[in-house]
$ cat data.csv   # CSV, C-alpha atoms
chain,number,residue,atom,x,y,z
A,1,THR,CA,0.0,0.0,0.0
A,2,VAL,CA,1.4,3.4,-1.0
A,3,THR,CA,-0.2,6.6,0.3
A,4,ILE,CA,0.9,9.8,-1.4
A,5,PRO,CA,0.1,13.3,-0.2
A,6,VAL,CA,-1.1,15.9,-2.8
A,7,TYR,CA,-0.9,19.6,-2.2
A,8,ASN,CA,-4.0,21.5,-3.3
A,9,TYR,CA,-4.7,25.2,-3.5
A,10,ASN,CA,-8.0,27.0,-4.3
A,11,PHE,CA,-9.7,30.3,-3.5
A,12,TYR,CA,-10.2,29.3,0.1
A,13,GLY,CA,-6.5,28.4,0.8
A,14,SER,CA,-4.3,25.3,0.7
A,15,TYR,CA,-4.8,21.8,1.9
A,16,TYR,CA,-3.5,18.2,1.5
A,17,SER,CA,-5.4,15.3,0.1
A,18,PHE,CA,-4.1,11.7,0.1
A,19,VAL,CA,-4.1,9.2,-2.7
A,20,THR,CA,-3.7,5.5,-1.7
A,21,THR,CA,-2.8,2.8,-4.2
A,22,ASN,CA,-3.0,-1.0,-3.4
A,23,PHE,CA,-1.3,-3.6,-5.5
A,24,SER,CA,0.4,-7.0,-5.4
A,25,LEU,CA,3.9,-8.0,-6.3
A,26,ALA,CA,5.3,-11.4,-7.2
A,27,ALA,CA,8.8,-12.2,-6.0
A,28,GLY,CA,11.5,-10.6,-8.2
A,29,THR,CA,9.2,-8.1,-9.8
A,30,MET,CA,8.7,-4.3,-9.4
A,31,THR,CA,5.9,-1.7,-9.9
A,32,ASN,CA,6.4,2.0,-10.6
A,33,ILE,CA,4.3,4.6,-8.8
A,34,VAL,CA,4.3,8.1,-10.4
A,35,ILE,CA,4.7,11.0,-7.9
A,36,GLY,CA,3.7,14.3,-9.3
A,37,ASP,CA,5.2,17.8,-8.6
A,38,ASP,CA,2.3,18.5,-6.3
A,39,SER,CA,3.5,15.7,-4.0
A,40,THR,CA,7.1,17.0,-3.5
A,41,ILE,CA,8.7,19.5,-1.2
A,42,PHE,CA,8.8,22.9,-2.9
A,43,GLU,CA,9.4,25.3,0.1
A,44,GLU,CA,12.5,25.8,2.2
A,45,ASP,CA,12.6,26.3,6.0
A,46,ASN,CA,8.9,25.2,6.3
A,47,ILE,CA,7.2,22.2,7.8
A,48,ASP,CA,5.0,20.5,5.2
A,49,GLN,CA,3.2,17.1,5.0
A,50,PHE,CA,5.0,15.4,2.0
A,51,GLY,CA,5.9,12.1,3.6
A,52,ILE,CA,5.0,9.1,1.5
A,53,HIS,CA,3.9,6.0,3.5
A,54,ILE,CA,4.6,2.6,2.2
A,55,THR,CA,3.6,-0.7,3.9
A,56,ALA,CA,3.8,-4.3,2.7
A,57,SER,CA,2.8,-7.7,4.0
A,58,GLN,CA,6.3,-9.0,3.1
A,59,PRO,CA,9.8,-7.3,3.0
A,60,VAL,CA,10.2,-5.1,-0.1
A,61,SER,CA,12.9,-2.7,-1.5
A,62,VAL,CA,12.0,0.9,-2.3
A,63,TYR,CA,13.8,3.2,-4.7
A,64,GLY,CA,13.2,6.8,-5.6
A,65,LEU,CA,14.1,7.7,-9.2
A,66,CYS,CA,13.7,11.0,-11.0
A,67,TYR,CA,14.2,10.3,-14.8
A,68,TYR,CA,14.9,13.0,-17.4
A,69,PRO,CA,17.0,12.3,-20.5
A,70,ALA,CA,19.6,14.9,-19.5
A,71,MET,CA,19.2,14.9,-15.7
A,72,SER,CA,18.4,11.7,-13.7
A,73,TRP,CA,19.1,10.7,-10.1
A,74,GLY,CA,17.9,8.1,-7.6
A,75,PHE,CA,18.2,6.8,-4.1
A,76,THR,CA,17.4,3.7,-1.9
A,77,GLY,CA,14.7,4.2,0.8
A,78,TRP,CA,15.5,2.6,4.1
A,79,PRO,CA,12.9,0.6,6.1
A,80,THR,CA,11.8,2.2,9.3
A,81,PRO,CA,13.7,-0.2,11.6
A,82,MET,CA,16.9,1.3,10.2
A,83,LEU,CA,16.0,4.8,11.1
A,84,GLY,CA,17.7,6.5,14.1
A,85,THR,CA,17.8,9.7,16.2
A,86,ASN,CA,21.4,10.9,15.6
A,87,TYR,CA,22.6,11.9,12.1
A,88,CYS,CA,25.6,13.7,10.8
A,89,VAL,CA,24.8,15.1,7.3
A,90,LEU,CA,26.8,14.1,4.3
A,91,ALA,CA,26.1,16.3,1.3
A,92,ARG,CA,27.9,18.3,-1.4
A,93,PRO,CA,28.2,22.0,-2.3
A,94,SER,CA,26.4,22.8,-5.5
A,95,PHE,CA,28.9,25.1,-7.3
A,96,TYR,CA,26.2,25.3,-10.0
A,97,THR,CA,25.3,28.6,-11.5
A,98,GLN,CA,23.9,29.1,-15.0
A,99,LEU,CA,21.5,31.4,-16.8
A,100,GLY,CA,20.9,33.4,-13.6
A,101,SER,CA,20.0,30.3,-11.5
A,102,ALA,CA,22.0,28.6,-8.8
A,103,GLY,CA,22.0,25.3,-7.0
A,104,TYR,CA,22.2,24.7,-3.2
A,105,SER,CA,23.4,22.2,-0.7
A,106,GLN,CA,20.4,20.7,1.0
A,107,PHE,CA,18.9,18.3,3.6
A,108,ALA,CA,15.4,17.2,4.4
A,109,ILE,CA,13.9,15.5,7.5
A,110,LEU,CA,10.8,13.3,7.7
A,111,GLY,CA,9.0,12.6,10.9
A,112,THR,CA,7.7,9.1,11.8
A,113,ALA,CA,6.1,9.6,15.2
A,114,SER,CA,3.9,12.2,16.9
A,115,HIS,CA,5.4,15.3,18.6
A,116,THR,CA,9.0,14.5,17.5
A,117,THR,CA,11.4,17.2,18.7
A,118,VAL,CA,14.3,17.6,16.2
A,119,THR,CA,17.4,19.6,17.0
A,120,ILE,CA,19.6,21.0,14.2
A,121,LEU,CA,23.1,22.2,14.7
A,122,PRO,CA,24.4,23.6,11.3
A,123,SER,CA,28.1,23.0,10.5
A,124,ALA,CA,30.3,26.1,10.1
A,125,ALA,CA,30.2,25.8,6.3
A,126,ALA,CA,26.4,25.3,6.1
A,127,ASN,CA,25.2,28.9,6.3
A,128,LEU,CA,21.6,27.8,6.2
A,129,ALA,CA,18.9,30.0,4.6
A,130,THR,CA,16.7,30.0,7.7
A,131,ASN,CA,14.7,32.6,9.6
A,132,THR,CA,16.3,31.6,12.9
A,133,GLY,CA,19.9,32.4,12.1
A,134,SER,CA,22.0,30.9,9.4
A,135,ASN,CA,24.4,28.9,11.8
A,136,SER,CA,22.5,28.8,15.1
A,137,LEU,CA,21.2,25.7,16.8
A,138,PHE,CA,17.4,25.5,16.5
A,139,THR,CA,14.6,23.0,17.0
A,140,ILE,CA,11.5,22.0,15.1
A,141,THR,CA,8.6,19.7,15.9
A,142,LEU,CA,7.4,17.0,13.4
A,143,GLN,CA,4.4,14.7,13.2
A,144,PRO,CA,4.1,11.4,11.3
A,145,GLY,CA,4.6,12.3,7.6
A,146,SER,CA,5.8,15.9,8.3
A,147,THR,CA,8.7,17.1,6.2
A,148,TYR,CA,11.2,19.9,6.7
A,149,GLN,CA,13.7,20.9,4.0
A,150,ILE,CA,16.5,23.5,4.2
A,151,GLU,CA,19.1,24.7,1.8
A,152,SER,CA,22.4,26.6,2.0
A,153,LEU,CA,22.4,30.3,1.5
A,154,ASN,CA,24.5,30.1,-1.7
A,155,ASN,CA,26.0,27.6,-4.2
A,156,THR,CA,29.3,27.4,-2.4
A,157,ASN,CA,28.1,26.6,1.1
A,158,ASP,CA,28.1,22.9,2.2
A,159,VAL,CA,25.6,21.5,4.7
A,160,THR,CA,27.9,18.5,5.3
A,161,GLY,CA,28.8,18.1,9.0
A,162,THR,CA,25.4,19.4,10.2
A,163,TRP,CA,24.2,17.5,13.2
A,164,ILE,CA,20.5,16.4,13.4
A,165,THR,CA,19.2,14.7,16.6
A,166,SER,CA,15.7,13.8,17.7
A,167,ASP,CA,13.8,12.2,20.6
A,168,LYS,CA,12.1,9.7,18.2
A,169,PRO,CA,13.3,8.0,15.0
A,170,ILE,CA,13.4,10.2,11.9
A,171,ALA,CA,14.5,9.9,8.2
A,172,VAL,CA,17.1,12.3,6.9
A,173,PHE,CA,17.9,13.0,3.2
A,174,ALA,CA,20.8,15.1,1.9
A,175,GLY,CA,22.6,16.1,-1.2
A,176,ALA,CA,22.3,19.1,-3.6
A,177,SER,CA,19.5,20.5,-5.7
A,178,ILE,CA,22.0,20.4,-8.6
A,179,ALA,CA,25.7,20.0,-8.3
A,180,CYS,CA,28.9,20.2,-10.4
A,181,LEU,CA,31.6,17.7,-9.6
A,182,PRO,CA,34.2,17.9,-8.5
A,183,ASN,CA,34.1,21.7,-8.6
A,184,GLU,CA,32.6,24.8,-10.2
A,185,ASN,CA,34.8,24.3,-13.3
A,186,SER,CA,33.1,20.9,-14.0
A,187,ALA,CA,30.0,20.6,-16.2
A,188,ALA,CA,27.4,19.5,-16.4
A,189,GLY,CA,25.3,19.6,-13.2
A,190,ASN,CA,23.0,17.0,-11.8
A,191,PRO,CA,20.8,16.7,-8.6
A,192,LEU,CA,22.3,14.5,-5.8
A,193,LEU,CA,20.3,12.8,-3.2
A,194,GLN,CA,20.6,9.9,-0.7
A,195,GLU,CA,18.7,8.8,2.4
A,196,LEU,CA,21.4,9.0,5.1
A,197,LEU,CA,22.2,6.3,7.7
A,198,PRO,CA,22.1,7.2,11.4
A,199,VAL,CA,25.6,7.3,13.0
A,200,SER,CA,24.8,4.1,14.8
A,201,ALA,CA,24.8,2.3,11.5
A,202,TRP,CA,28.2,3.5,10.3
A,203,GLY,CA,31.2,1.2,10.4
A,204,ASN,CA,35.0,1.2,10.4
A,205,GLN,CA,35.5,-0.3,6.9
A,206,ALA,CA,33.9,0.5,3.5
A,207,LEU,CA,34.8,-0.9,0.1
A,208,SER,CA,34.2,0.3,-3.4
A,209,LEU,CA,34.8,-0.3,-7.1
A,210,SER,CA,34.8,2.7,-9.5
A,211,PHE,CA,32.0,3.3,-11.9
A,212,GLY,CA,34.4,2.6,-14.8
A,213,ARG,CA,34.6,6.1,-16.1
A,214,PRO,CA,38.0,7.6,-17.0
A,215,GLY,CA,39.8,9.3,-14.2
A,216,GLY,CA,38.1,7.6,-11.4
A,217,ASP,CA,35.4,8.8,-9.0
A,218,SER,CA,35.1,11.4,-6.2
A,219,TYR,CA,34.8,10.1,-2.7
A,220,ARG,CA,33.8,11.9,0.5
A,221,VAL,CA,34.6,10.4,3.9
A,222,LEU,CA,32.8,11.8,7.0
A,223,ALA,CA,33.7,11.3,10.6
A,224,ALA,CA,31.4,11.4,13.6
A,225,THR,CA,34.1,11.2,16.3
A,226,ASN,CA,37.2,13.2,17.1
A,227,ASN,CA,40.6,11.9,16.1
A,228,THR,CA,39.3,9.5,13.4
A,229,VAL,CA,42.3,8.3,11.5
A,230,VAL,CA,41.3,7.3,7.9
A,231,THR,CA,43.4,4.9,5.8
A,232,ILE,CA,42.8,4.5,2.1
A,233,ASN,CA,44.2,1.4,0.4
A,234,GLY,CA,46.6,1.0,3.4
A,235,VAL,CA,47.9,4.5,3.4
A,236,VAL,CA,47.0,7.0,6.2
A,237,ALA,CA,45.0,9.8,4.4
A,238,THR,CA,43.8,12.1,7.1
A,239,ASN,CA,42.9,12.6,10.8
A,240,LEU,CA,39.3,13.9,11.1
A,241,GLN,CA,37.4,15.5,13.9
A,242,ALA,CA,33.7,15.1,14.5
A,243,GLY,CA,31.7,16.4,11.6
A,244,GLN,CA,34.8,16.9,9.4
A,245,PHE,CA,35.2,15.3,5.9
A,246,TYR,CA,37.9,14.3,3.5
A,247,ASP,CA,37.5,14.4,-0.3
A,248,ALA,CA,39.6,12.2,-2.7
A,249,LEU,CA,39.6,11.3,-6.4
A,250,LEU,CA,40.3,7.6,-6.7
A,251,ASP,CA,40.1,4.9,-9.4
A,252,GLY,CA,39.7,1.1,-9.3
A,253,PRO,CA,39.0,-0.9,-6.1
A,254,VAL,CA,39.2,1.2,-2.9
A,255,GLU,CA,39.4,0.2,0.7
A,256,PHE,CA,38.5,2.7,3.4
A,257,GLN,CA,39.5,1.9,7.0
A,258,ALA,CA,39.1,4.1,10.1
A,259,SER,CA,39.9,4.1,13.8
A,260,ASN,CA,36.2,5.2,14.4
A,261,PRO,CA,33.0,4.7,12.4
A,262,ILE,CA,32.8,6.7,9.1
A,263,GLN,CA,30.3,7.3,6.3
A,264,VAL,CA,31.6,7.2,2.8
A,265,ALA,CA,29.9,8.5,-0.4
A,266,GLN,CA,31.0,7.8,-3.9
A,267,PHE,CA,30.3,10.2,-6.8
A,268,ALA,CA,30.6,10.0,-10.5
A,269,GLN,CA,32.1,13.3,-11.9
A,270,GLY,CA,30.5,15.6,-14.5
A,271,GLY,CA,30.5,14.5,-18.1
A,272,ASP,CA,32.7,17.4,-19.2
A,273,THR,CA,35.3,16.4,-16.6
A,274,ASP,CA,35.9,12.8,-17.8
A,275,LYS,CA,34.6,13.4,-21.4
A,276,GLN,CA,31.9,10.7,-20.9
A,277,SER,CA,28.2,10.7,-21.6
A,278,GLY,CA,26.8,11.0,-18.1
A,279,ASP,CA,26.7,13.6,-15.3
A,280,PRO,CA,27.2,13.4,-11.5
A,281,CYS,CA,25.5,10.7,-9.4
A,282,GLU,CA,25.9,9.5,-5.8
A,283,ILE,CA,25.8,6.3,-3.8
A,284,LEU,CA,26.5,5.7,-0.1
A,285,LEU,CA,28.8,2.8,0.7
A,286,PRO,CA,27.6,0.4,3.4
A,287,SER,CA,30.1,-0.8,5.9
A,288,THR,CA,31.3,-4.4,5.5
A,289,GLY,CA,29.5,-5.2,8.7
A,290,HIS,CA,26.2,-4.6,7.0
A,291,TYR,CA,26.8,-6.9,3.9
A,292,LEU,CA,24.2,-9.6,3.2
A,293,THR,CA,24.3,-13.0,1.7
A,294,SER,CA,21.7,-12.4,-0.9
A,295,TYR,CA,20.2,-9.6,-2.9
A,296,THR,CA,17.5,-9.1,-5.6
A,297,VAL,CA,18.4,-6.3,-8.0
A,298,ALA,CA,16.0,-4.8,-10.6
A,299,ILE,CA,17.2,-3.0,-13.7
A,300,GLY,CA,14.7,-0.4,-15.0
A,301,THR,CA,13.5,-0.2,-18.6
A,302,ASN,CA,11.6,2.2,-20.9
A,303,ASP,CA,8.1,2.1,-19.3
A,304,GLY,CA,7.2,5.7,-19.4
A,305,VAL,CA,8.4,6.2,-15.9
A,306,THR,CA,12.0,5.2,-15.4
A,307,GLY,CA,13.2,5.6,-18.9
A,308,ASP,CA,16.2,3.8,-20.6
A,309,PHE,CA,19.9,3.9,-19.8
A,310,SER,CA,22.2,2.7,-22.5
A,311,THR,CA,24.7,0.9,-20.2
A,312,ASN,CA,23.8,-1.1,-17.1
A,313,PHE,CA,26.1,-3.0,-14.7
A,314,LEU,CA,26.5,-4.4,-11.2
A,315,ASN,CA,29.5,-3.8,-9.0
A,316,LEU,CA,30.1,-6.9,-6.9
A,317,ILE,CA,32.3,-7.1,-3.9
A,318,VAL,CA,32.8,-10.5,-2.4
A,319,PRO,CA,35.3,-12.3,-0.1
A,320,ARG,CA,37.9,-14.0,-2.3
A,321,SER,CA,37.2,-17.3,-0.6
A,322,ALA,CA,33.5,-17.1,-1.6
A,323,ILE,CA,33.8,-16.2,-5.3
A,324,LEU,CA,33.3,-19.7,-6.5
A,325,THR,CA,30.2,-20.1,-4.2
A,326,THR,CA,28.6,-16.9,-5.4
A,327,LEU,CA,25.7,-17.2,-7.7
A,328,MET,CA,23.7,-15.0,-10.0
A,329,ASP,CA,20.2,-16.3,-11.0
A,330,GLY,CA,21.3,-19.7,-9.7
A,331,ALA,CA,24.4,-20.0,-11.9
A,332,PRO,CA,28.1,-19.5,-10.8
A,333,ILE,CA,29.1,-15.8,-10.9
A,334,THR,CA,32.1,-16.9,-13.0
A,335,ASN,CA,29.6,-17.6,-15.9
A,336,PHE,CA,29.1,-13.9,-16.1
A,337,VAL,CA,32.5,-12.5,-15.2
A,338,ALA,CA,35.8,-14.3,-15.5
A,339,LEU,CA,37.6,-15.1,-12.3
A,340,ALA,CA,40.7,-13.2,-13.6
A,341,ASN,CA,38.6,-10.0,-13.7
A,342,PHE,CA,38.1,-9.9,-10.0
A,343,GLU,CA,40.5,-7.4,-8.4
A,344,GLN,CA,41.6,-7.3,-4.8
A,345,VAL,CA,40.2,-4.4,-2.8
A,346,GLY,CA,43.1,-2.7,-1.1
A,347,SER,CA,44.6,-5.1,1.5
A,348,SER,CA,41.3,-6.6,2.4
A,349,ASP,CA,40.1,-10.2,1.9
A,350,TYR,CA,37.6,-8.9,-0.7
A,351,SER,CA,37.7,-8.8,-4.4
A,352,ALA,CA,35.6,-6.7,-6.8
A,353,ALA,CA,34.3,-7.0,-10.4
A,354,ARG,CA,31.9,-5.2,-12.7
A,355,ILE,CA,29.2,-7.3,-14.4
A,356,PRO,CA,27.3,-6.0,-17.5
A,357,VAL,CA,23.5,-6.6,-17.2
A,358,ALA,CA,20.6,-5.9,-19.6
A,359,GLN,CA,17.9,-3.4,-18.9
A,360,GLY,CA,14.5,-4.6,-17.9
A,361,THR,CA,15.9,-7.5,-16.0
A,362,THR,CA,15.9,-8.7,-12.4
A,363,HIS,CA,18.8,-10.6,-10.9
A,364,ARG,CA,19.2,-12.7,-7.7
A,365,ILE,CA,22.7,-12.6,-6.3
A,366,SER,CA,23.6,-14.9,-3.4
A,367,SER,CA,26.8,-16.2,-1.7
A,368,SER,CA,28.0,-18.4,1.0
A,369,GLN,CA,29.4,-15.3,2.8
A,370,PRO,CA,28.2,-11.7,3.1
A,371,ILE,CA,28.8,-9.6,-0.1
A,372,GLU,CA,27.9,-6.2,-1.5
$ encode --input "data.csv" --output "structure tokens"
Amino acid sequence: TVTIPVYNYNFYGSYYSFVTTNFSLAAGTMTNIVIGDDSTIFEEDNIDQFGIHITASQPVSVYGLCYYPAMSWGFTGWPTPMLGTNYCVLARPSFYTQLGSAGYSQFAILGTASHTTVTILPSAAANLATNTGSNSLFTITLQPGSTYQIESLNNTNDVTGTWITSDKPIAVFAGASIACLPNENSAAGNPLLQELLPVSAWGNQALSLSFGRPGGDSYRVLAATNNTVVTINGVVATNLQAGQFYDALLDGPVEFQASNPIQVAQFAQGGDTDKQSGDPCEILLPSTGHYLTSYTVAIGTNDGVTGDFSTNFLNLIVPRSAILTTLMDGAPITNFVALANFEQVGSSDYSAARIPVAQGTTHRISSSQPIE
């Protein structure tokens, strides 16, 4: 069941109506639900009611995707048991300015329980566009389905490092309305958005494989604790304090290790930067402690909602000892990618490979050990 709020306005004022859709899904299939512009946050520094409520009789995966031929982005929605009360925001500065318009670094908060008190402490670089003071601590109160979005004052501010705490579980989303990567000299821009993990779900090790575009990918490592020593592929890269981050441009398999829990984001760079067809995108890297032994992955197709992408692939990270016991759709993974194409990830016990897949397909990946 999916319940979507709709913002309405007439001569007498504004109000919300709610549209509920019920449907059934077979295992390994997906359904697209269209969300209109009148169901999305359009105001800053204002409490609205744009939370979308999804319930199911069995576990499901939820993805948000905004598809335009020249500007697409997506994110994974976390189930409510994964939500928390302590978040450190990981976002990006926008750097975007074109034809008199600019982009902004942003975050949004969604309430899940009645009378939830949320405290927001902006980072020094945030410079939020609020009525309460751009860098002052302030509180808001949210109800179930209530939403609050705030942006930076200009396109060079960065809301990364902002602390958001609450007395009841909340969902937090962050990124940029449109961003150039890695900097203002990089075209073209694209929106960035991910649902953040609470600090309690961070870990000390994260692994990655590049998207395969020339020049590698941009990474951002965020710390929640003082004196967090971060090592990248076995080399000490930085010592971070709480709320501080470290940016790096890296290619190939990458291993991040830290003395305290960290959150790592991976970004593709702008098409004009690496001379490829494609603009910035973002994913959050789960810690190795959150890997699972099986996944079902759906690849979208041209259905009037999600559109088409010319190239589709899966990045697989698996313990070396489990490669031969890893399956895709019931067949050995080595039927789809040669064993020689698996690369060791840093000094870890994991190896990584990229697997081409066709659009409009669903794949079941399983292994004898946790993988990502």
$ closest_residue --input "data.csv" --among "A:Ala129, A:Leu137, A:Ala298, A:Ile365" --to "A:Thr326" --atoms "all atoms listed in the file"
A:Ile365
$ closest_atom_pairs --input "data.csv" --of "stretch 37-93 of chain A" --to "stretch 154-165 of chain A" --cutoff "9 Å" --atoms "only C-alpha atoms" --output "Markdown table"
| residue | atom | partner | partner_atom | distance |
| --- | --- | --- | --- | --- |
| A:Gly84 | CA | A:Thr165 | CA | 8.7 |
| A:Thr85 | CA | A:Thr165 | CA | 5.2 |
| A:Asn86 | CA | A:Thr165 | CA | 4.5 |
| A:Tyr87 | CA | A:Ile164 | CA | 5.1 |
| A:Cys88 | CA | A:Trp163 | CA | 4.7 |
| A:Val89 | CA | A:Thr160 | CA | 5.0 |
| A:Leu90 | CA | A:Thr160 | CA | 4.6 |
| A:Ala91 | CA | A:Thr160 | CA | 4.9 |
| A:Arg92 | CA | A:Asp158 | CA | 5.8 |
| A:Pro93 | CA | A:Asp158 | CA | 4.6 |
$ write_last_selection --input "data.csv" --atoms "C-alpha atoms" --output "PDB file, keeping the file's coordinate frame"
ATOM      1  CA  GLY A  84      17.700   6.500  14.100  1.00  0.00           C
ATOM      2  CA  THR A  85      17.800   9.700  16.200  1.00  0.00           C
ATOM      3  CA  ASN A  86      21.400  10.900  15.600  1.00  0.00           C
ATOM      4  CA  TYR A  87      22.600  11.900  12.100  1.00  0.00           C
ATOM      5  CA  CYS A  88      25.600  13.700  10.800  1.00  0.00           C
ATOM      6  CA  VAL A  89      24.800  15.100   7.300  1.00  0.00           C
ATOM      7  CA  LEU A  90      26.800  14.100   4.300  1.00  0.00           C
ATOM      8  CA  ALA A  91      26.100  16.300   1.300  1.00  0.00           C
ATOM      9  CA  ARG A  92      27.900  18.300  -1.400  1.00  0.00           C
ATOM     10  CA  PRO A  93      28.200  22.000  -2.300  1.00  0.00           C
TER      11      PRO A  93
END
$ residues_around --input "data.csv" --residues "A:Pro286" --least-positions-apart "5" --cutoff "10 Å" --atoms "all atoms listed in the file" --output "number ranges by chain"
A: 197, 201-203, 205-208, 262-265, 291, 372
$ closest_residue --input "data.csv" --among "A:Ser210, A:Phe309, A:Ala187, A:Asp251" --to "A:Asp272" --atoms "all atoms listed in the file"
A:Ala187
$ residues_around --input "data.csv" --residues "A:Asn312" --least-positions-apart "5" --cutoff "7 Å" --atoms "only C-alpha atoms" --output "number ranges by chain"
A: 356-359
$ residues_near_point --input "data.csv" --point "(22.9, 23.9, -1.9)" --cutoff "6 Å" --atoms "only C-alpha atoms" --output "list of chain:residue names"
A:Pro93, A:Ser94, A:Gly103, A:Tyr104, A:Ser105, A:Gln106, A:Glu151, A:Ser152, A:Asn155, A:Ala176
$ residues_around --input "data.csv" --residues "A:Phe138" --least-positions-apart "5" --cutoff "8 Å" --atoms "all atoms listed in the file" --output "list in words"
Thr119, Ile120, Leu121 and Thr132 of chain A
$ atom_distance --input "data.csv" --atom1 "atom CA of A:Val221" --atom2 "atom CA of A:Gln149"
23.4 Å
$ residues_around --input "data.csv" --residues "A:Gln49" --least-positions-apart "5" --cutoff "10 Å" --atoms "only C-alpha atoms" --output "list in words"
Ile4, Pro5, Val6, Tyr7, Tyr15, Tyr16, Ser39, Thr40, Ile41, Leu110, Gly111, Leu142, Gln143, Pro144, Gly145, Ser146, Thr147 and Tyr148 of chain A
$ closest_residue --input "data.csv" --among "A:Leu153, A:Ile47, A:Val62, A:Met328" --to "A:Ile33" --atoms "all atoms listed in the file"
A:Val62
$ atom_distance --input "data.csv" --atom1 "atom CA of A:Leu316" --atom2 "atom CA of A:Ser294"
11.7 Å
$ closest_residue --input "data.csv" --among "A:Ala108, A:Ile35, A:Ala102, A:Leu209" --to "A:Cys180" --atoms "all atoms listed in the file"
A:Ala102
$ build_atoms --input "data.csv" --residues "stretch 52-57 of chain A" --atoms "all heavy atoms" --output "compact mmCIF listing (two decimals), in the coordinates of the input"
# COMPACT_ATOMS: atom_id res chain seq x y z
N ILE A 52 5.67 10.16 2.19
CA ILE A 52 5.00 9.10 1.50
C ILE A 52 5.06 7.82 2.34
O ILE A 52 6.16 7.42 2.77
CB ILE A 52 5.63 8.84 0.10
CG1 ILE A 52 5.47 10.09 -0.77
CG2 ILE A 52 5.01 7.63 -0.59
CD1 ILE A 52 6.22 10.03 -2.07
N HIS A 53 3.92 7.19 2.60
CA HIS A 53 3.90 6.00 3.50
C HIS A 53 3.69 4.76 2.69
O HIS A 53 2.75 4.64 1.89
CB HIS A 53 2.69 6.20 4.46
CG HIS A 53 2.74 5.23 5.59
ND1 HIS A 53 1.61 4.87 6.32
CD2 HIS A 53 3.77 4.54 6.16
CE1 HIS A 53 1.94 4.01 7.25
NE2 HIS A 53 3.25 3.78 7.18
N ILE A 54 4.62 3.82 2.88
CA ILE A 54 4.60 2.60 2.20
C ILE A 54 4.58 1.41 3.16
O ILE A 54 5.43 1.35 4.06
CB ILE A 54 5.84 2.42 1.25
CG1 ILE A 54 5.91 3.60 0.26
CG2 ILE A 54 5.84 1.09 0.49
CD1 ILE A 54 7.20 3.66 -0.52
N THR A 55 3.62 0.53 3.02
CA THR A 55 3.60 -0.70 3.90
C THR A 55 3.40 -1.89 2.97
O THR A 55 2.87 -1.81 1.86
CB THR A 55 2.38 -0.60 4.85
OG1 THR A 55 1.16 -0.47 4.12
CG2 THR A 55 2.53 0.58 5.80
N ALA A 56 3.86 -3.05 3.46
CA ALA A 56 3.80 -4.30 2.70
C ALA A 56 3.64 -5.46 3.63
O ALA A 56 4.10 -5.42 4.78
CB ALA A 56 5.02 -4.45 1.80
N SER A 57 3.03 -6.53 3.15
CA SER A 57 2.80 -7.70 4.00
C SER A 57 4.09 -8.56 4.06
O SER A 57 4.22 -9.41 4.95
CB SER A 57 1.69 -8.57 3.38
OG SER A 57 1.98 -8.95 2.04
